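The structure file data.tsv is reproduced below (TSV, C-alpha atoms).
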```tsv
chain	number	residue	atom	x	y	z
A	601	MET	CA	49.80	2.06	28.26
A	602	MET	CA	48.07	-0.95	26.71
A	603	ILE	CA	44.35	-1.18	27.52
A	604	THR	CA	42.87	-4.67	27.55
A	605	ALA	CA	39.32	-5.68	26.69
A	606	GLU	CA	38.77	-6.43	30.37
A	607	LYS	CA	39.94	-2.93	31.35
A	608	LEU	CA	37.59	-1.34	28.81
A	609	GLN	CA	34.69	-3.28	30.29
A	610	GLU	CA	35.72	-2.18	33.77
A	611	ILE	CA	35.74	1.48	32.69
A	612	ARG	CA	32.37	1.01	30.97
A	613	ASP	CA	30.82	-0.48	34.11
A	614	VAL	CA	32.13	2.37	36.28
A	615	TYR	CA	31.06	5.25	34.03
A	616	LYS	CA	27.79	3.97	32.57
A	617	THR	CA	25.90	5.44	35.52
A	618	ALA	CA	27.38	8.87	34.76
A	619	VAL	CA	25.89	8.93	31.26
A	620	ALA	CA	22.77	6.81	31.78
A	621	LEU	CA	20.47	9.68	32.70
A	622	ARG	CA	21.18	11.39	29.36
A	623	LEU	CA	20.35	8.14	27.58
A	624	GLU	CA	17.23	7.86	29.74
A	625	LYS	CA	18.34	4.49	31.06
A	626	SER	CA	19.11	5.40	34.63
A	627	ASP	CA	18.15	4.64	38.19
A	628	ARG	CA	19.14	8.25	38.89
A	629	LYS	CA	15.60	9.12	37.74
A	630	GLU	CA	14.52	7.85	41.14
A	631	GLN	CA	16.93	10.24	42.86
A	632	PRO	CA	15.05	13.45	43.75
A	633	GLY	CA	16.49	16.47	42.00
A	634	ALA	CA	18.83	14.50	39.73
A	635	PHE	CA	19.55	16.31	36.45
A	636	ASP	CA	22.15	16.35	33.70
A	637	VAL	CA	22.54	19.78	32.12
A	638	LEU	CA	24.19	19.54	28.71
A	639	VAL	CA	25.68	22.83	27.53
A	640	CYS	CA	26.78	22.95	23.91
A	641	GLY	CA	30.52	23.47	23.57
A	642	GLY	CA	30.58	23.80	19.78
A	643	THR	CA	32.39	26.75	18.17
A	644	GLY	CA	29.20	28.71	17.51
A	645	CYS	CA	27.83	28.36	21.03
A	646	LYS	CA	31.18	29.05	22.64
A	647	SER	CA	31.50	32.27	20.65
A	648	SER	CA	28.04	33.23	21.96
A	649	GLY	CA	28.94	32.67	25.60
A	650	SER	CA	28.29	29.02	26.46
A	651	THR	CA	31.49	28.77	28.54
A	652	GLU	CA	30.32	31.62	30.76
A	653	ILE	CA	26.86	30.03	31.00
A	654	ARG	CA	28.44	26.86	32.33
A	655	LYS	CA	30.43	28.83	34.91
A	656	GLN	CA	27.31	30.66	36.07
A	657	LEU	CA	25.39	27.39	36.37
A	658	ASP	CA	28.19	25.90	38.48
A	659	ASN	CA	28.16	28.95	40.75
A	660	GLU	CA	24.38	28.92	41.19
A	661	LEU	CA	24.32	25.18	41.89
A	662	ALA	CA	27.15	25.46	44.41
A	663	ALA	CA	25.32	28.27	46.20
A	664	ARG	CA	22.26	26.03	46.57
A	665	GLY	CA	24.17	22.88	47.48
A	666	LYS	CA	23.02	21.03	44.34
A	667	THR	CA	26.34	19.95	42.86
A	668	ASP	CA	25.95	16.34	44.04
A	669	THR	CA	22.68	15.75	42.18
A	670	VAL	CA	22.98	18.09	39.19
A	671	HIS	CA	25.78	17.50	36.69
A	672	VAL	CA	26.72	20.23	34.21
A	673	VAL	CA	28.43	18.80	31.14
A	674	GLN	CA	30.01	20.64	28.22
A	675	THR	CA	29.28	18.54	25.16
A	676	GLY	CA	30.10	18.56	21.48
A	677	CYS	CA	28.11	20.56	18.95
A	678	HIS	CA	24.31	20.13	19.05
A	679	GLY	CA	24.08	21.27	15.43
A	680	PHE	CA	21.44	24.01	15.65
A	681	CYS	CA	24.08	26.75	15.76
A	682	GLU	CA	21.91	29.64	14.59
A	683	ASN	CA	19.90	29.42	17.81
A	684	GLY	CA	22.79	29.00	20.22
A	685	PRO	CA	23.87	28.89	22.92
A	686	LEU	CA	21.96	25.63	23.29
A	687	MET	CA	21.19	23.57	26.37
A	688	ILE	CA	19.41	20.26	26.95
A	689	ILE	CA	18.33	19.10	30.39
A	690	TYR	CA	17.68	15.47	31.32
A	691	PRO	CA	15.45	13.81	32.35
A	692	GLY	CA	12.87	15.09	29.90
A	693	GLN	CA	15.26	16.29	27.18
A	694	ILE	CA	14.05	19.87	27.72
A	695	PHE	CA	15.59	22.01	24.99
A	696	TYR	CA	16.63	25.61	25.61
A	697	CYS	CA	17.98	27.97	22.96
A	698	ARG	CA	19.61	31.40	22.87
A	699	VAL	CA	20.51	31.04	26.51
A	700	LYS	CA	22.47	33.84	28.17
A	701	PRO	CA	24.70	33.75	31.27
A	702	ASP	CA	22.12	35.86	33.11
A	703	ASP	CA	19.56	33.05	32.59
A	704	ALA	CA	21.54	30.63	34.76
A	705	ALA	CA	19.96	31.70	38.07
A	706	GLU	CA	16.42	31.31	36.73
A	707	ILE	CA	17.18	27.91	35.16
A	708	VAL	CA	18.60	26.62	38.44
A	709	GLU	CA	15.84	28.04	40.65
A	710	SER	CA	12.86	27.27	38.42
A	711	HIS	CA	13.84	24.09	36.59
A	712	LEU	CA	16.51	22.38	38.66
A	713	CYS	CA	15.16	23.27	42.12
A	714	ASN	CA	11.40	23.47	41.54
A	715	GLY	CA	10.90	21.28	38.45
A	716	GLN	CA	9.39	24.05	36.34
A	717	PRO	CA	11.04	24.50	32.90
A	718	VAL	CA	11.66	28.07	31.78
A	719	GLU	CA	9.18	28.43	28.93
A	720	ARG	CA	10.59	31.66	27.52
A	721	LEU	CA	13.83	29.80	26.64
A	722	LEU	CA	12.08	27.11	24.62
A	723	TYR	CA	12.38	27.10	20.83
A	724	HIS	CA	9.30	28.46	19.04
A	725	ASP	CA	8.55	27.29	15.52
A	726	PRO	CA	8.74	30.24	13.10
A	727	VAL	CA	5.76	28.92	11.11
A	728	ASP	CA	3.12	28.19	13.74
A	729	GLY	CA	4.73	29.76	16.81
A	730	LYS	CA	4.34	26.57	18.86
A	731	ALA	CA	6.86	25.91	21.61
A	732	ALA	CA	9.11	22.85	21.24
A	733	TRP	CA	9.67	21.33	24.68
A	734	THR	CA	12.27	18.79	23.56
A	735	ALA	CA	14.93	18.61	20.87
A	736	ALA	CA	12.84	15.92	19.18
A	737	ASP	CA	10.04	18.49	18.76
A	738	VAL	CA	12.27	20.94	16.89
A	739	SER	CA	11.73	20.80	13.12
A	740	PHE	CA	15.51	20.99	12.53
A	741	TYR	CA	16.01	17.65	14.31
A	742	LYS	CA	12.80	15.80	13.44
A	743	LYS	CA	14.02	14.09	10.27
A	744	GLN	CA	17.56	13.46	11.43
A	745	LYS	CA	18.77	9.96	12.20
A	746	ARG	CA	22.25	10.18	13.67
A	747	ILE	CA	24.47	7.15	13.31
A	748	VAL	CA	28.14	8.09	13.55
A	749	LEU	CA	27.19	11.27	15.45
A	750	GLU	CA	24.66	9.45	17.66
A	751	HIS	CA	26.24	10.60	20.93
A	752	CYS	CA	27.61	13.94	19.78
A	753	GLY	CA	25.97	16.49	22.06
A	754	ARG	CA	25.33	13.89	24.76
A	755	ILE	CA	28.79	13.07	26.09
A	756	ASP	CA	31.79	15.10	27.18
A	757	PRO	CA	34.28	14.81	24.28
A	758	GLU	CA	37.17	15.50	26.67
A	759	LYS	CA	36.37	12.46	28.84
A	760	ILE	CA	37.23	9.30	26.96
A	761	GLU	CA	35.62	7.31	29.77
A	762	GLU	CA	32.21	8.66	28.71
A	763	TYR	CA	32.81	7.51	25.14
A	764	ILE	CA	33.76	4.06	26.42
A	765	ALA	CA	30.63	4.05	28.63
A	766	VAL	CA	28.34	4.40	25.58
A	767	GLY	CA	30.07	1.54	23.74
A	768	GLY	CA	33.19	3.15	22.36
A	769	TYR	CA	35.84	0.69	21.11
A	770	ALA	CA	33.53	-2.30	21.63
A	771	ALA	CA	33.59	-3.10	17.94
A	772	LEU	CA	37.38	-2.76	17.86
A	773	VAL	CA	37.62	-5.32	20.65
A	774	LYS	CA	35.34	-7.64	18.70
A	775	ALA	CA	37.39	-7.22	15.53
A	776	LEU	CA	40.65	-7.96	17.33
A	777	THR	CA	39.49	-10.85	19.50
A	778	GLU	CA	36.63	-12.58	17.67
A	779	MET	CA	37.19	-12.01	13.94
A	780	THR	CA	39.84	-12.85	11.37
A	781	PRO	CA	41.30	-10.10	9.16
A	782	ASP	CA	39.31	-11.45	6.20
A	783	GLU	CA	36.09	-11.38	8.23
A	784	VAL	CA	36.74	-7.78	9.22
A	785	ILE	CA	37.29	-6.74	5.61
A	786	GLU	CA	34.21	-8.66	4.44
A	787	GLU	CA	32.15	-6.89	7.12
A	788	VAL	CA	33.28	-3.50	5.84
A	789	ILE	CA	32.58	-4.50	2.22
A	790	ASP	CA	29.10	-5.75	3.14
A	791	SER	CA	28.37	-2.51	5.00
A	792	GLY	CA	28.65	-0.49	1.79
A	793	LEU	CA	30.95	2.03	3.48
A	794	ARG	CA	32.59	4.34	0.94
A	795	GLY	CA	35.06	7.21	0.93
A	796	ARG	CA	33.76	10.76	1.33
A	797	GLY	CA	36.31	12.44	-0.92
A	798	GLY	CA	34.16	12.48	-4.04
A	799	ALA	CA	35.02	9.21	-5.77
A	800	GLY	CA	33.10	7.12	-3.27
A	801	PHE	CA	35.57	4.25	-3.48
A	802	PRO	CA	34.53	1.22	-1.36
A	803	THR	CA	36.44	1.24	1.92
A	804	GLY	CA	36.52	-2.56	2.17
A	805	LYS	CA	38.26	-2.78	-1.20
A	806	LYS	CA	40.95	-0.37	-0.03
A	807	TRP	CA	41.49	-2.50	3.06
A	808	SER	CA	41.75	-5.66	1.00
A	809	PHE	CA	44.39	-4.03	-1.22
A	810	ALA	CA	46.37	-3.02	1.90
A	811	LYS	CA	46.10	-6.53	3.36
A	812	ASN	CA	47.35	-8.17	0.16
A	813	ALA	CA	50.17	-5.69	-0.44
A	814	GLU	CA	53.71	-6.80	0.32
A	815	GLY	CA	55.27	-5.75	3.61
A	816	ASP	CA	55.29	-6.76	7.26
A	817	LYS	CA	53.80	-3.50	8.55
A	818	LYS	CA	50.58	-1.83	7.40
A	819	TYR	CA	49.42	1.65	8.41
A	820	ILE	CA	46.06	3.41	8.85
A	821	ILE	CA	46.13	7.08	7.90
A	822	CYS	CA	43.21	9.22	9.10
A	823	ASN	CA	42.68	12.05	6.63
A	824	ALA	CA	41.23	14.92	8.65
A	825	ASP	CA	41.87	17.58	6.01
A	826	GLU	CA	39.50	20.56	5.97
A	827	GLY	CA	40.26	21.62	2.40
A	828	ASP	CA	36.78	23.04	1.83
A	829	PRO	CA	36.69	26.47	3.56
A	830	GLY	CA	34.22	26.52	6.41
A	831	ALA	CA	33.58	22.76	6.28
A	832	LEU	CA	34.22	21.69	9.85
A	833	TRP	CA	32.48	18.31	9.87
A	834	THR	CA	35.78	16.40	10.04
A	835	GLU	CA	36.81	18.34	13.14
A	836	VAL	CA	33.45	17.65	14.77
A	837	PHE	CA	33.64	13.96	13.89
A	838	SER	CA	37.22	13.51	15.10
A	839	LYS	CA	37.10	15.57	18.29
A	840	GLU	CA	33.58	15.05	19.55
A	841	THR	CA	32.85	11.41	18.78
A	842	ARG	CA	36.39	10.08	19.14
A	843	THR	CA	36.57	6.94	16.98
A	844	GLU	CA	32.91	6.10	16.55
A	845	TYR	CA	33.57	4.16	13.37
A	846	TRP	CA	34.93	1.27	15.46
A	847	LYS	CA	31.75	1.19	17.52
A	848	GLU	CA	29.53	0.57	14.48
A	849	TRP	CA	30.78	-3.05	14.14
A	850	GLN	CA	29.14	-4.24	17.36
```

Entire entry expressed as structure tokens:
Amino acid sequence: MMITAEKLQEIRDVYKTAVALRLEKSDRKEQPGAFDVLVCGGTGCKSSGSTEIRKQLDNELAARGKTDTVHVVQTGCHGFCENGPLMIIYPGQIFYCRVKPDDAAEIVESHLCNGQPVERLLYHDPVDGKAAWTAADVSFYKKQKRIVLEHCGRIDPEKIEEYIAVGGYAALVKALTEMTPDEVIEEVIDSGLRGRGGAGFPTGKKWSFAKNAEGDKKYIICNADEGDPGALWTEVFSKETRTEYWKEWQ
């Protein structure tokens, strides 16, 4: 089914409320007891029990009649795998680590019902022992500036509507409706974007070669090879951020 620019905007308008609390741009802050609970669904956290944690949270919330105001979301990888399972609760961006399924009842009762974060689940710095209340306070994240992975760990990678709600495909729409092919290629050249395969060949140059090559049809091939054992960044990029590279042209 062909999706138009107007349809994308319609989806964005409908779903932006669903993700706004996590981006701390939401009127839901004014709703008493409104929370988004983001449970890491990366491979490491799943292997440590994050799926069961989510199930226990859902059960505890249902038992207390909180499912209308508290949303539990399984997200992409948060990155800090060695301390998983990981959880972030908005508003406040409260960061919990090494969470277990048995912790679900306490999290719901203390944090989500009574507004008191569970301090024993906070990350403690191994150097000074200080508790990090938010992900931004954790030394692992402090110097990171996420661009392509900006929303990884904040949206549900299995709901394309959430990706659209945070601006997904907006740049693609712009490229197709407001720019000429030459302008698109020039934009990519000016960005300095290069290949990640080792040679670092300029992406814009490749696109210009494809444009000028003979033939009525041109093809884009997405190389998602994981040739380096244990290197799963391509899988994370492809599955958990969808096609973020289009968004960067906004």

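With CA of Leu608 (chain A) on one side and CA of Lys774 (chain A) on the other, the separation reads 12.1 Å.
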
Quiz item: Skipping near chain neighbours, those fewer than 5 positions away, what residues fall within 12 Å of Ser739 (chain A) using all atoms listed in the file, listed as an NGL selection string?
Solution: :A and (680 or 723-734 or 744)

Quiz item: Taking only C-alpha atoms into account, which of A:Lys616, A:Arg720, A:Lys745, A:Lys646 comes nearest Cys697 (chain A)?
Solution: A:Arg720

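Closest approach to Asp636 (chain A) from the set A:Pro691, A:Gly679, A:Gly798, A:Gly768 is made by A:Pro691, with distances taken over only C-alpha atoms.
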
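What separates CA of Pro685 (chain A) from CA of Cys640 (chain A) is a distance of 6.7 Å.
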
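Among the candidate residues A:Gly642, A:Lys817, A:Gly800, A:Gly767, the one lying nearest to Glu750 (chain A) is A:Gly767, with distances computed using all atoms listed in the file.
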
Quiz prompt | Who sits within 9 Å of Leu623 (chain A), all atoms listed in the file, same chain under 4 positions skipped, as a ChimeraX atom specification | solution = /A:619,690-691,754

Exercise. Please provide as number ranges by chain all residues within 10 Å of region 787-797 of chain A, with the sequence filter that same-chain residues fewer than 6 positions apart are discarded (counting all atoms listed in the file).
Key: A: 775, 779, 781, 803-808, 823, 849

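Between CA of Leu712 (chain A) and CA of Gly633 (chain A) the interatomic distance comes to 6.8 Å.
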
Quiz item: Pick the closest to Val708 (chain A) from A:Gln693, A:Gln674, A:Asn659, A:Asn683: which is it, counting only C-alpha atoms?
Solution: A:Asn659
